[in-house]
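Engineer: What follows is run-v1.csv, made up of CSV, C-alpha atoms and all ligand atoms:
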```csv
chain,number,residue,atom,x,y,z
W,489,MET,CA,67.6,-26.2,-53.1
W,490,LYS,CA,64.6,-27.4,-51.1
W,491,GLY,CA,62.5,-30.6,-51.7
W,492,VAL,CA,60.0,-32.8,-50.0
W,493,LEU,CA,60.0,-36.5,-49.2
W,494,PHE,CA,56.6,-38.1,-48.4
W,495,ILE,CA,57.0,-41.3,-46.5
W,496,ASN,CA,54.3,-43.9,-45.9
W,497,LEU,CA,54.5,-47.4,-44.4
W,498,GLY,CA,54.9,-49.6,-47.5
W,499,SER,CA,53.4,-52.7,-49.0
W,500,PRO,CA,54.7,-56.0,-50.5
W,501,ASP,CA,55.8,-55.8,-54.2
W,502,SER,CA,53.0,-58.2,-55.1
W,503,THR,CA,50.5,-60.6,-53.5
W,504,ASP,CA,52.9,-63.5,-54.0
W,505,PRO,CA,53.5,-65.0,-50.6
W,506,LYS,CA,57.3,-64.8,-51.2
W,507,ASP,CA,57.0,-61.0,-51.7
W,508,VAL,CA,54.7,-60.7,-48.7
W,509,LYS,CA,57.2,-62.7,-46.6
W,510,ARG,CA,60.1,-60.5,-47.7
W,511,TYR,CA,58.1,-57.4,-46.8
W,512,LEU,CA,56.9,-58.7,-43.5
W,513,ASP,CA,60.4,-59.7,-42.6
W,514,GLU,CA,61.7,-56.2,-43.1
W,515,PHE,CA,58.7,-54.7,-41.3
W,516,LEU,CA,58.5,-57.0,-38.3
W,517,MET,CA,62.2,-57.2,-37.8
W,518,ASP,CA,62.3,-53.4,-37.2
W,519,GLU,CA,63.4,-52.9,-33.6
W,520,ARG,CA,60.8,-50.2,-33.2
W,521,VAL,CA,57.9,-52.5,-34.3
W,522,PHE,CA,58.8,-55.7,-32.6
W,523,ASP,CA,60.9,-54.0,-29.9
W,524,PHE,CA,62.6,-57.0,-28.4
W,525,PRO,CA,66.3,-57.9,-28.3
W,526,TYR,CA,67.4,-59.2,-31.7
W,527,TRP,CA,67.6,-62.9,-30.7
W,528,LEU,CA,64.0,-62.8,-29.3
W,529,ARG,CA,62.6,-60.7,-32.2
W,530,SER,CA,64.3,-63.1,-34.6
W,531,PHE,CA,62.9,-66.1,-32.8
W,532,ILE,CA,59.3,-64.7,-32.7
W,533,VAL,CA,59.2,-63.2,-36.2
W,534,ARG,CA,61.3,-65.6,-38.2
W,535,GLY,CA,60.7,-68.7,-36.1
W,536,ILE,CA,57.0,-68.3,-35.6
W,537,ILE,CA,55.1,-65.5,-37.4
W,538,LEU,CA,56.7,-65.8,-40.8
W,539,ASN,CA,55.9,-69.5,-41.0
W,540,THR,CA,52.2,-68.9,-41.2
W,541,ARG,CA,51.4,-65.2,-41.6
W,542,PRO,CA,52.7,-64.5,-45.2
W,543,LYS,CA,50.2,-67.0,-46.7
W,544,LYS,CA,47.3,-65.6,-44.7
W,545,SER,CA,48.4,-62.0,-45.4
W,546,ALA,CA,48.9,-62.8,-49.1
W,547,GLU,CA,45.3,-64.0,-49.3
W,548,ALA,CA,44.1,-60.8,-47.6
W,549,TYR,CA,46.2,-58.6,-50.0
W,550,GLU,CA,44.8,-60.6,-52.9
W,551,LYS,CA,41.3,-59.4,-52.0
W,552,ILE,CA,42.1,-55.7,-52.0
W,553,TRP,CA,44.9,-55.4,-54.6
W,554,TRP,CA,44.3,-53.1,-57.5
W,555,ASP,CA,45.3,-53.5,-61.2
W,556,GLU,CA,47.8,-50.7,-60.6
W,557,GLY,CA,49.2,-52.3,-57.5
W,558,SER,CA,48.9,-51.9,-53.7
W,559,PRO,CA,46.2,-49.5,-52.8
W,560,LEU,CA,48.4,-47.8,-50.2
W,561,ILE,CA,51.2,-47.2,-52.7
W,562,VAL,CA,48.8,-46.1,-55.6
W,563,LEU,CA,47.0,-43.7,-53.3
W,564,SER,CA,50.2,-42.3,-51.9
W,565,GLU,CA,51.4,-41.7,-55.5
W,566,ARG,CA,48.2,-39.9,-56.3
W,567,LEU,CA,48.6,-37.8,-53.2
W,568,LYS,CA,52.2,-36.8,-54.1
W,569,GLU,CA,51.2,-36.0,-57.7
W,570,GLY,CA,48.2,-33.9,-56.5
W,571,VAL,CA,50.4,-31.9,-54.1
W,572,ASP,CA,53.0,-31.4,-56.8
W,573,LYS,CA,50.4,-29.4,-58.8
W,574,PHE,CA,50.2,-26.9,-55.8
W,575,THR,CA,53.9,-26.5,-55.0
W,576,SER,CA,57.0,-25.4,-56.9
W,577,ILE,CA,59.6,-27.5,-55.2
W,578,PRO,CA,60.6,-31.1,-56.1
W,579,SER,CA,59.1,-34.0,-54.2
W,580,ALA,CA,59.6,-37.8,-54.0
W,581,LEU,CA,57.6,-40.6,-52.4
W,582,ALA,CA,59.2,-43.4,-50.3
W,583,MET,CA,58.1,-46.2,-48.1
W,584,ARG,CA,59.6,-47.2,-44.8
W,585,TYR,CA,59.5,-50.9,-45.8
W,586,GLY,CA,59.7,-52.3,-49.4
W,587,ASN,CA,59.7,-50.0,-52.4
W,588,PRO,CA,60.2,-47.3,-53.3
W,589,ALA,CA,62.8,-47.2,-50.5
W,590,ILE,CA,63.7,-44.0,-48.6
W,591,LYS,CA,67.3,-44.2,-49.9
W,592,SER,CA,65.9,-44.1,-53.5
W,593,GLY,CA,63.7,-41.2,-52.7
W,594,LEU,CA,66.6,-39.2,-51.2
W,595,GLN,CA,68.7,-40.1,-54.2
W,596,ALA,CA,66.0,-38.9,-56.6
W,597,LEU,CA,65.9,-35.5,-54.7
W,598,LYS,CA,69.7,-35.3,-54.7
W,599,ASP,CA,69.7,-35.9,-58.5
W,600,GLN,CA,67.5,-32.8,-58.8
W,601,GLY,CA,69.9,-30.7,-56.7
W,602,VAL,CA,68.0,-30.8,-53.5
W,603,THR,CA,70.0,-30.3,-50.3
W,604,GLU,CA,67.3,-29.2,-47.8
W,605,VAL,CA,64.6,-31.9,-47.3
W,606,LEU,CA,61.3,-31.6,-45.6
W,607,LEU,CA,60.4,-35.1,-44.4
W,608,ILE,CA,56.6,-35.7,-44.3
W,609,PRO,CA,55.8,-39.0,-42.5
W,610,LEU,CA,52.2,-39.7,-43.6
W,611,TYR,CA,50.9,-40.4,-40.1
W,612,PRO,CA,48.7,-38.0,-38.2
W,613,GLN,CA,49.7,-39.4,-34.8
W,614,PHE,CA,53.2,-40.0,-33.6
W,615,ALA,CA,54.2,-43.6,-32.8
W,616,MET,CA,57.6,-45.3,-32.2
W,617,ALA,CA,56.5,-47.9,-34.9
W,618,THR,CA,55.8,-45.3,-37.5
W,619,THR,CA,57.1,-41.8,-37.4
W,620,GLU,CA,60.1,-42.5,-35.1
W,621,THR,CA,61.3,-45.4,-37.2
W,622,ILE,CA,61.1,-43.3,-40.3
W,623,LEU,CA,63.1,-40.4,-38.8
W,624,VAL,CA,65.7,-42.7,-37.4
W,625,LEU,CA,66.3,-44.5,-40.7
W,626,ALA,CA,66.3,-41.3,-42.6
W,627,GLU,CA,69.0,-39.9,-40.3
W,628,GLU,CA,71.1,-43.0,-40.6
W,629,LEU,CA,70.9,-42.8,-44.4
W,630,ARG,CA,71.7,-39.1,-44.3
W,631,GLN,CA,74.9,-39.8,-42.3
W,632,ALA,CA,75.9,-42.7,-44.5
W,633,HIS,CA,75.0,-41.5,-48.0
W,634,PHE,CA,73.8,-37.9,-48.1
W,635,PRO,CA,76.0,-35.9,-45.6
W,636,GLU,CA,75.4,-32.7,-47.5
W,637,MET,CA,71.7,-32.8,-46.9
W,638,GLU,CA,69.8,-31.1,-44.1
W,639,PHE,CA,66.5,-32.6,-42.8
W,640,THR,CA,63.4,-31.0,-41.2
W,641,SER,CA,60.3,-33.0,-40.4
W,642,ILE,CA,56.8,-32.0,-39.9
W,643,PRO,CA,55.5,-32.8,-36.4
W,644,ALA,CA,52.5,-35.1,-35.8
W,645,PHE,CA,49.5,-33.1,-37.2
W,646,TYR,CA,46.6,-34.9,-35.4
W,647,SER,CA,45.5,-31.6,-33.8
W,648,HIS,CA,46.4,-29.2,-36.6
W,649,PRO,CA,43.2,-27.3,-37.3
W,650,ASP,CA,43.7,-27.8,-41.1
W,651,TYR,CA,43.9,-31.6,-40.6
W,652,VAL,CA,40.9,-31.7,-38.2
W,653,ARG,CA,38.9,-29.6,-40.7
W,654,VAL,CA,39.6,-31.7,-43.8
W,655,LEU,CA,39.2,-35.0,-42.0
W,656,SER,CA,35.9,-33.9,-40.4
W,657,ASN,CA,34.5,-32.5,-43.7
W,658,SER,CA,35.5,-35.8,-45.5
W,659,ILE,CA,33.6,-37.8,-42.8
W,660,GLN,CA,30.6,-35.5,-43.1
W,661,ARG,CA,30.5,-35.7,-46.9
W,662,TYR,CA,30.6,-39.5,-46.9
W,663,LEU,CA,28.1,-40.0,-44.1
W,664,GLN,CA,25.5,-37.4,-45.2
W,665,THR,CA,24.1,-39.9,-47.8
W,666,ARG,CA,24.2,-42.9,-45.5
W,667,GLU,CA,22.2,-44.0,-42.5
W,668,TRP,CA,24.2,-44.6,-39.3
W,669,ASP,CA,23.6,-45.0,-35.6
W,670,HIS,CA,27.1,-44.8,-34.3
W,671,LEU,CA,30.5,-43.6,-35.6
W,672,LEU,CA,33.5,-45.7,-34.5
W,673,PHE,CA,37.0,-44.1,-34.7
W,674,SER,CA,39.2,-47.2,-35.2
W,675,TYR,CA,43.0,-46.5,-34.9
W,676,HIS,CA,45.8,-49.0,-35.6
W,677,GLY,CA,46.8,-50.5,-32.2
W,678,VAL,CA,50.2,-50.7,-30.7
W,679,PRO,CA,51.5,-52.7,-27.7
W,680,GLU,CA,50.9,-50.8,-24.4
W,681,ARG,CA,54.7,-51.2,-23.9
W,682,HIS,CA,55.3,-48.8,-26.8
W,683,ILE,CA,53.3,-46.1,-25.1
W,684,ARG,CA,55.4,-46.4,-21.9
W,685,LYS,CA,58.7,-46.4,-23.9
W,686,SER,CA,57.8,-43.2,-25.7
W,687,ASP,CA,56.9,-41.4,-22.4
W,688,ILE,CA,59.6,-38.7,-22.1
W,689,THR,CA,58.6,-38.1,-18.5
W,690,LYS,CA,58.9,-41.8,-17.7
W,691,SER,CA,56.1,-41.6,-15.2
W,692,HIS,CA,53.0,-40.1,-16.9
W,693,CYS,CA,51.6,-42.8,-19.1
W,694,LYS,CA,49.7,-45.2,-16.9
W,695,ILE,CA,47.4,-46.3,-19.8
W,696,ASP,CA,44.4,-45.8,-17.5
W,697,GLY,CA,41.2,-43.8,-17.7
W,698,SER,CA,42.8,-40.4,-17.0
W,699,CYS,CA,46.4,-40.0,-18.1
W,700,CYS,CA,45.7,-39.2,-21.7
W,701,GLN,CA,43.3,-36.4,-20.6
W,702,THR,CA,45.7,-34.9,-18.0
W,703,PRO,CA,48.0,-32.3,-19.6
W,704,SER,CA,51.6,-33.6,-19.9
W,705,PRO,CA,54.7,-33.0,-22.0
W,706,ALA,CA,54.5,-36.8,-22.5
W,707,HIS,CA,51.7,-36.2,-25.0
W,708,GLN,CA,54.0,-34.9,-27.6
W,709,PHE,CA,55.0,-38.6,-28.2
W,710,CYS,CA,51.9,-40.4,-26.8
W,711,TYR,CA,50.1,-42.2,-29.6
W,712,ARG,CA,47.1,-43.0,-27.3
W,713,HIS,CA,46.6,-39.4,-26.3
W,714,GLN,CA,46.9,-38.3,-29.9
W,715,CYS,CA,44.3,-40.8,-31.0
W,716,TYR,CA,41.8,-39.8,-28.4
W,717,GLN,CA,42.5,-36.1,-29.1
W,718,THR,CA,41.9,-36.7,-32.8
W,719,THR,CA,38.5,-38.3,-32.0
W,720,LYS,CA,37.6,-35.4,-29.6
W,721,GLN,CA,38.5,-32.7,-32.0
W,722,VAL,CA,36.6,-34.3,-34.9
W,723,ALA,CA,33.6,-34.9,-32.7
W,724,GLU,CA,33.6,-31.3,-31.6
W,725,TYR,CA,34.0,-30.0,-35.2
W,726,LEU,CA,31.1,-32.2,-36.3
W,727,GLY,CA,29.0,-31.6,-33.2
W,728,LEU,CA,28.6,-35.3,-32.5
W,729,LYS,CA,26.5,-36.1,-29.5
W,730,PRO,CA,28.1,-38.0,-26.6
W,731,GLY,CA,27.4,-41.7,-26.9
W,732,SER,CA,27.0,-41.4,-30.7
W,733,TYR,CA,30.8,-42.1,-31.3
W,734,SER,CA,33.6,-44.0,-29.7
W,735,THR,CA,37.3,-45.0,-30.1
W,736,SER,CA,38.9,-48.4,-30.5
W,737,PHE,CA,42.2,-49.9,-31.6
W,738,GLN,CA,42.6,-52.6,-34.4
W,739,SER,CA,45.1,-55.1,-35.8
W,740,ARG,CA,46.5,-56.7,-32.6
W,741,LEU,CA,49.4,-59.0,-33.4
W,742,GLY,CA,51.1,-61.2,-30.7
W,743,ILE,CA,50.0,-62.1,-27.2
W,744,ASP,CA,51.2,-59.1,-25.1
W,745,PRO,CA,48.7,-56.4,-24.1
W,746,TRP,CA,47.8,-53.9,-26.8
W,747,LEU,CA,45.8,-50.7,-26.6
W,748,LYS,CA,42.1,-51.3,-25.7
W,749,PRO,CA,39.3,-51.4,-26.5
W,750,ALA,CA,39.9,-53.7,-29.4
W,751,THR,CA,38.0,-52.8,-32.6
W,752,ASN,CA,36.9,-56.4,-33.4
W,753,LYS,CA,35.4,-57.0,-29.9
W,754,THR,CA,33.8,-53.5,-29.9
W,755,ILE,CA,32.1,-54.1,-33.2
W,756,ASP,CA,30.9,-57.6,-32.3
W,757,GLN,CA,29.2,-56.2,-29.2
W,758,MET,CA,27.5,-53.3,-30.9
W,759,PRO,CA,24.4,-55.0,-32.4
W,760,GLU,CA,23.2,-56.3,-29.0
W,761,GLN,CA,23.6,-52.7,-27.7
W,762,GLY,CA,21.2,-51.6,-30.4
W,763,ILE,CA,23.7,-50.3,-32.9
W,764,LYS,CA,22.6,-51.8,-36.2
W,765,LYS,CA,24.0,-49.3,-38.7
W,766,LEU,CA,27.7,-48.6,-38.0
W,767,ALA,CA,30.0,-46.1,-39.6
W,768,VAL,CA,33.8,-46.7,-39.1
W,769,VAL,CA,36.5,-44.1,-39.7
W,770,THR,CA,40.2,-45.0,-39.5
W,771,PRO,CA,42.2,-41.8,-38.8
W,772,ALA,CA,45.6,-43.4,-38.1
W,773,PHE,CA,45.9,-44.0,-41.9
W,774,VAL,CA,45.9,-41.2,-44.5
W,775,SER,CA,45.7,-43.8,-47.3
W,776,ASP,CA,43.4,-46.8,-47.6
W,777,CYS,CA,45.3,-50.0,-47.2
W,778,ILE,CA,44.9,-53.6,-46.1
W,779,GLU,CA,44.0,-52.5,-42.6
W,780,THR,CA,41.0,-50.4,-43.8
W,781,LEU,CA,39.9,-52.2,-46.9
W,782,GLU,CA,40.2,-55.8,-45.7
W,783,GLU,CA,40.3,-55.8,-41.9
W,784,ILE,CA,37.4,-53.3,-41.6
W,785,GLY,CA,35.8,-53.2,-45.0
W,786,ILE,CA,35.6,-57.0,-45.4
W,787,GLN,CA,36.3,-58.9,-42.1
W,788,ALA,CA,34.7,-56.5,-39.6
W,789,LYS,CA,31.7,-56.0,-41.9
W,790,GLU,CA,31.1,-59.8,-42.1
W,791,ASP,CA,31.5,-60.1,-38.3
W,792,PHE,CA,29.2,-57.2,-37.6
W,793,ILE,CA,26.4,-58.7,-39.8
W,794,ALA,CA,27.0,-62.1,-38.3
W,795,HIS,CA,26.4,-60.6,-34.8
W,796,GLY,CA,23.1,-59.0,-35.9
W,797,GLY,CA,24.3,-55.7,-37.4
W,798,GLU,CA,22.7,-54.5,-40.6
W,799,GLU,CA,25.1,-52.1,-42.3
W,800,LEU,CA,28.7,-51.1,-41.8
W,801,HIS,CA,30.0,-48.2,-43.7
W,802,VAL,CA,33.8,-47.5,-43.9
W,803,VAL,CA,34.6,-43.9,-44.4
W,804,PRO,CA,37.5,-43.7,-46.9
W,805,CYS,CA,40.8,-42.3,-45.7
W,806,LEU,CA,41.8,-38.8,-46.9
W,807,ASN,CA,43.7,-40.5,-49.8
W,808,ASP,CA,43.8,-37.8,-52.6
W,809,ASP,CA,41.0,-35.6,-51.2
W,810,GLN,CA,41.5,-32.2,-52.9
W,811,ASP,CA,41.2,-30.2,-49.7
W,812,TRP,CA,43.8,-32.5,-48.0
W,813,ILE,CA,46.1,-32.0,-51.0
W,814,LYS,CA,45.8,-28.2,-50.8
W,815,VAL,CA,46.5,-28.3,-47.0
W,816,LEU,CA,49.7,-30.3,-47.6
W,817,GLY,CA,50.7,-27.9,-50.4
W,818,ARG,CA,50.2,-25.0,-48.1
W,819,TRP,CA,52.3,-26.6,-45.3
W,820,ILE,CA,55.1,-27.2,-47.7
W,821,ASP,CA,54.9,-23.7,-49.1
W,822,GLN,CA,55.0,-22.2,-45.6
W,823,TRP,CA,58.1,-24.3,-44.8
W,824,ALA,CA,59.8,-23.4,-48.1
W,825,LEU,CA,59.0,-19.6,-47.7
W,826,ALA,CA,60.0,-19.5,-44.0
W,827,GLU,CA,63.4,-21.1,-44.9
W,828,GLN,CA,63.7,-18.6,-47.8
W,829,ASN,CA,63.0,-15.6,-45.5
W,830,ALA,CA,65.2,-16.8,-42.7
B,901,LIG,C1,54.0,-55.5,-34.0
B,901,LIG,C2,53.3,-55.3,-35.0
B,901,LIG,C3,52.8,-54.0,-35.5
B,901,LIG,C4,52.8,-52.7,-35.0
B,901,LIG,C5,53.3,-52.3,-33.7
B,901,LIG,C6,52.2,-51.9,-36.0
B,901,LIG,C7,52.0,-50.5,-35.8
B,901,LIG,C8,51.4,-49.7,-36.8
B,901,LIG,N1,51.1,-50.0,-38.1
B,901,LIG,C9,50.5,-48.9,-38.8
B,901,LIG,C10,50.1,-48.8,-40.1
B,901,LIG,C11,50.0,-49.9,-40.9
B,901,LIG,N2,50.2,-51.2,-40.7
B,901,LIG,C12,49.9,-52.0,-41.8
B,901,LIG,C13,50.0,-53.4,-41.9
B,901,LIG,C14,50.5,-54.2,-40.9
B,901,LIG,N3,50.8,-53.9,-39.6
B,901,LIG,C15,51.4,-55.0,-39.0
B,901,LIG,C16,51.9,-55.1,-37.7
B,901,LIG,C17,52.1,-54.0,-36.8
B,901,LIG,N4,51.8,-52.7,-37.1
B,901,LIG,C18,51.3,-56.1,-39.9
B,901,LIG,C19,51.8,-57.5,-39.6
B,901,LIG,C20,50.8,-55.6,-41.1
B,901,LIG,C21,50.8,-56.3,-42.5
B,901,LIG,C22,49.5,-56.8,-42.9
B,901,LIG,C23,49.1,-58.0,-42.3
B,901,LIG,O1,49.8,-59.0,-42.4
B,901,LIG,O2,48.0,-58.1,-41.7
B,901,LIG,C24,49.5,-51.1,-42.8
B,901,LIG,C25,49.0,-51.5,-44.2
B,901,LIG,C26,50.1,-51.9,-45.2
B,901,LIG,C27,49.5,-52.2,-46.6
B,901,LIG,O3,50.3,-52.7,-47.4
B,901,LIG,O4,48.3,-52.0,-46.9
B,901,LIG,C28,49.6,-49.8,-42.3
B,901,LIG,C29,49.3,-48.6,-43.1
B,901,LIG,C30,50.4,-47.9,-37.8
B,901,LIG,C31,49.8,-46.5,-38.1
B,901,LIG,C32,51.0,-48.4,-36.6
B,901,LIG,C33,51.1,-47.7,-35.3
B,901,LIG,C34,50.6,-46.6,-34.9
B,902,FE,FE,50.7,-52.0,-38.7
B,903,FE,FE,48.2,-41.3,-21.5
```
Turn the structure described in the file into structure tokens.
Ligand SMILES: C=CC1=C(C)c2cc3[nH]c(cc4nc(cc5[nH]c(cc1n2)c(C)c5CCC(=O)O)C(CCC(=O)O)=C4C)c(C)c3C=C
Ligand SMILES: [Fe+2]
Ligand SMILES: [Fe+2]
Structural biologist:
Amino acid sequence: MKGVLFINLGSPDSTDPKDVKRYLDEFLMDERVFDFPYWLRSFIVRGIILNTRPKKSAEAYEKIWWDEGSPLIVLSERLKEGVDKFTSIPSALAMRYGNPAIKSGLQALKDQGVTEVLLIPLYPQFAMATTETILVLAEELRQAHFPEMEFTSIPAFYSHPDYVRVLSNSIQRYLQTREWDHLLFSYHGVPERHIRKSDITKSHCKIDGSCCQTPSPAHQFCYRHQCYQTTKQVAEYLGLKPGSYSTSFQSRLGIDPWLKPATNKTIDQMPEQGIKKLAVVTPAFVSDCIETLEEIGIQAKEDFIAHGGEELHVVPCLNDDQDWIKVLGRWIDQWALAEQNA
């Protein structure tokens, strides 16, 4: 029997700094997130970051937390429940860090008799710190606890016409009633080192002006290429004029070089360039979360206004958009039927 496991990043169980610390420990100690040898990762994460970050992060989570819980988890649940209405195979929702855990999701599917699982990492673009770590952990769990199961995963869908269409339409719907001078595509950042590590050619990704526009097999796993490509395709779909949109990378953590340009610096400079009404879309996330609601919706908005901006509009993530739900339902049905006919 076939089933689906949706997997998102995860959130702390509550906004209590102790829960935030436990969650950040699991997250940041992942060797695909802080990709240093264990002793160095442990020194930086447990010796430095976890001494101060949990309190600061807990305050930020406090500002965006909903009565039902973490926005990321509530919105992921709504997405799963929405998709369930359009498909006839069982599904479960899991988080890479925190709860509900991937092991519990697989167990829930097993309890329903599922042996063939379609893994859907809820990330449009591939990254070592997101899709890869999910697939590696799922495989480890399969070998250890679910050897009878078979896994298939959907590839990064950043350039799938269905995804580009629903994302573009959601942006258009939101912005048609608002005034804006410029649309900023802000993606979660990663250290530049991650891009080089994921380069299967070992020589393509120079992280310069041209590598991401030069065709290469490396792009199958190049987060930077996939982000720029997402922007390009949405801009084409919406007919955006050159100069009326741009791409940046947010949420830098640590001192090593991360993808540039940085969203915070880009936004701060915009008012003096004449951009007073800014719209920001965050296509690395399919569900709104602390990164979109707090970092952009609160912090970046305050900074933009402080630098002379007038309005900053944050386009909601796809969340439980009906067209997005139908697209996911169709992808799942196509997989289920292809398997059936094989
Ligand atoms: C080394 C640090 C980090 C890397 C690399 C990283 C990559 C990465 N993350 C996301 C998606 C999300 N990240 C979220 C929160 C978050 N991310 C980091 C650090 C790295 N992320 C931290 C420390 C946090 C916690 C919040 C904080 O303390 O500021 C979230 C939101 C979670 C939530 O509960 O709302 C998401 C989603 C992507 C897509 C990505 C690489 C492409
Ligand atoms: Fe992150
Ligand atoms: Fe590149």
Engineer: Enumerate, in order of chain and increasing residue number, the residues of chain W with an atom no farther than 7 Å from ligand LIG 901 (chain B), each with its shortest atom pair and distance in Å to one decimal, counting all atoms listed in the file, as a tab-separated table.
Structural biologist:
```
residue	atom	partner	partner_atom	distance
W:Leu497	CA	B:LIG901	C29	5.5
W:Gly498	CA	B:LIG901	O3	5.5
W:Ser499	CA	B:LIG901	O3	3.5
W:Pro500	CA	B:LIG901	O3	6.3
W:Leu512	CA	B:LIG901	C19	6.5
W:Leu516	CA	B:LIG901	C2	6.4
W:Val521	CA	B:LIG901	C5	4.6
W:Phe522	CA	B:LIG901	C1	5.0
W:Arg541	CA	B:LIG901	O1	6.5
W:Pro542	CA	B:LIG901	O1	6.8
W:Ser545	CA	B:LIG901	O1	4.5
W:Ser558	CA	B:LIG901	O3	6.5
W:Pro559	CA	B:LIG901	O4	6.7
W:Leu560	CA	B:LIG901	O4	5.3
W:Tyr611	CA	B:LIG901	C31	6.5
W:Ala615	CA	B:LIG901	C34	5.1
W:Ala617	CA	B:LIG901	C7	5.3
W:Thr618	CA	B:LIG901	C33	5.7
W:His676	CA	B:LIG901	C30	5.2
W:Gly677	CA	B:LIG901	C33	6.0
W:Val678	CA	B:LIG901	C5	4.6
W:Pro679	CA	B:LIG901	C5	6.3
W:Tyr711	CA	B:LIG901	C34	6.9
W:Ser739	CA	B:LIG901	N3	7.0
W:Leu741	CA	B:LIG901	C2	5.6
W:Ala772	CA	B:LIG901	C31	5.2
W:Phe773	CA	B:LIG901	C29	5.8
W:Cys777	CA	B:LIG901	O4	3.6
W:Ile778	CA	B:LIG901	O4	3.8
W:Glu779	CA	B:LIG901	C25	5.3
```
Engineer: Could you name the residues that touch W:Asp756 at 9 Å or less, counting all atoms listed in the file, but leaving out those on the same chain fewer than 5 positions away, as a list of chain:residue names?
Structural biologist: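 Residues near the query, excluding close chain neighbours: W:Thr751, W:Ala788, W:Asp791, W:Phe792, W:Ile793, W:Ala794, W:His795, W:Gly796, W:Gly797.
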Engineer: For ligand FE 903 (chain B), which of W:Leu747, W:Met616, W:Cys699, W:Leu528 is the closest residue, counting all atoms listed in the file?
Structural biologist: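 Between W:Leu747, W:Met616, W:Cys699, W:Leu528, the residue approaching ligand FE 903 (chain B) most closely is W:Cys699.
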Engineer: Using only C-alpha atoms and all ligand atoms, which residues of the polymer chains come no farther than 10 Å from ligand FE 903 (chain B)? I'd like the answer as a list in words.
Structural biologist: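 Answer in the requested format: Ile683, Arg684, Asp687, His692, Cys693, Lys694, Ile695, Asp696, Gly697, Ser698, Cys699, Cys700, Gln701, Thr702, Pro703, Ser704, Ala706, His707, Phe709, Cys710, Tyr711, Arg712, His713, Gln714 and Tyr716 of chain W.
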Engineer: Restricting the calculation to all atoms listed in the file: of W:Lys551, W:Lys748, W:Arg520, W:Lys765, which residue gets closest to ligand FE 902 (chain B)?
Structural biologist: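 Smallest distance to ligand FE 902 (chain B) is found for W:Arg520.
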Engineer: Report, in Å to a single decimal, how far apart atom CA of W:Ile495 and atom CA of W:Arg584 are.
Structural biologist: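 Rounded to one decimal, the two atoms are 6.7 Å apart.
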Engineer: Any idea what's packed within 10 Å of W:Val492, counting only C-alpha atoms, ignoring anything in its chain fewer than 2 positions away? Could you give it as a list in words?
Structural biologist: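 Once the nearby chain positions are removed, what remains is Lys490, Phe494, Ile495, Lys568, Asp572, Ile577, Pro578, Ser579, Ala580, Leu581, Gly593, Leu594, Leu597, Val602, Glu604, Val605, Leu606, Leu607, Ile608, Phe639, Thr640, Ser641, Ile820 and Ala824 of chain W.
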Engineer: From the set W:Asn807, W:His633, W:Trp819, W:Ser502, which residue has the shortest atom-to-atom contact distance to W:Ile552, counting all atoms listed in the file?
Structural biologist: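 That would be W:Ser502, the residue with the smallest distance to W:Ile552.
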Engineer: From the list W:Asp776, W:Glu565, W:Glu620, W:Glu760, which residue is nearest W:Ala644 when using all atoms listed in the file?
Structural biologist: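 Using all atoms listed in the file, W:Ala644 sits closest to W:Glu620.
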Engineer: Got a sec: who's within 10 Å of W:Leu567, counting all atoms listed in the file, leaving out chain neighbours fewer than 2 positions off, as a PyMOL selection string?
Structural biologist: chain W and resi 494+561-565+569-572+581+774-775+806-810+812-813+816
Engineer: Report, in Å to a single decimal, how far apart atom CA of W:Arg566 and atom CA of W:Val815 are.
Structural biologist: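 For atom CA of W:Val815 relative to atom CA of W:Arg566, the distance reads 15.0 Å.
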Engineer: Tell me which of W:Val802, W:Lys506, W:Ser732, W:Asp669 sits closest to W:Lys543, counting only C-alpha atoms.
Structural biologist: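 So, comparing all the options, the nearest one is W:Lys506.
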Engineer: Determine the nearest neighbour of W:Val803 from the options W:Ala826, W:Ala582, W:Ile763, W:Leu672, counting all atoms listed in the file.
Structural biologist: W:Leu672
Engineer: Model the absent atoms of stretch 672-678 of chain W so that N, CA and C atoms are present, and write the result as a PDB file, keeping the file's coordinate frame.
Structural biologist:
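This is the output file rebuild.pdb:
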```
ATOM      1  N   LEU W 672      32.363 -45.108 -35.202  1.00  0.00           N
ATOM      2  CA  LEU W 672      33.500 -45.700 -34.500  1.00  0.00           C
ATOM      3  C   LEU W 672      34.805 -45.150 -35.091  1.00  0.00           C
ATOM      4  N   PHE W 673      35.662 -44.565 -34.259  1.00  0.00           N
ATOM      5  CA  PHE W 673      37.000 -44.100 -34.700  1.00  0.00           C
ATOM      6  C   PHE W 673      37.938 -45.294 -34.381  1.00  0.00           C
ATOM      7  N   SER W 674      38.353 -46.029 -35.399  1.00  0.00           N
ATOM      8  CA  SER W 674      39.200 -47.200 -35.200  1.00  0.00           C
ATOM      9  C   SER W 674      40.662 -46.847 -35.607  1.00  0.00           C
ATOM     10  N   TYR W 675      41.576 -46.857 -34.636  1.00  0.00           N
ATOM     11  CA  TYR W 675      43.000 -46.500 -34.900  1.00  0.00           C
ATOM     12  C   TYR W 675      43.803 -47.829 -34.906  1.00  0.00           C
ATOM     13  N   HIS W 676      44.901 -47.837 -35.645  1.00  0.00           N
ATOM     14  CA  HIS W 676      45.800 -49.000 -35.600  1.00  0.00           C
ATOM     15  C   HIS W 676      46.282 -49.114 -34.126  1.00  0.00           C
ATOM     16  N   GLY W 677      46.302 -50.329 -33.594  1.00  0.00           N
ATOM     17  CA  GLY W 677      46.800 -50.500 -32.200  1.00  0.00           C
ATOM     18  C   GLY W 677      48.288 -50.600 -32.151  1.00  0.00           C
ATOM     19  N   VAL W 678      48.799 -50.468 -30.945  1.00  0.00           N
ATOM     20  CA  VAL W 678      50.200 -50.700 -30.700  1.00  0.00           C
ATOM     21  C   VAL W 678      50.276 -51.425 -29.301  1.00  0.00           C
TER      22      VAL W 678
END
```
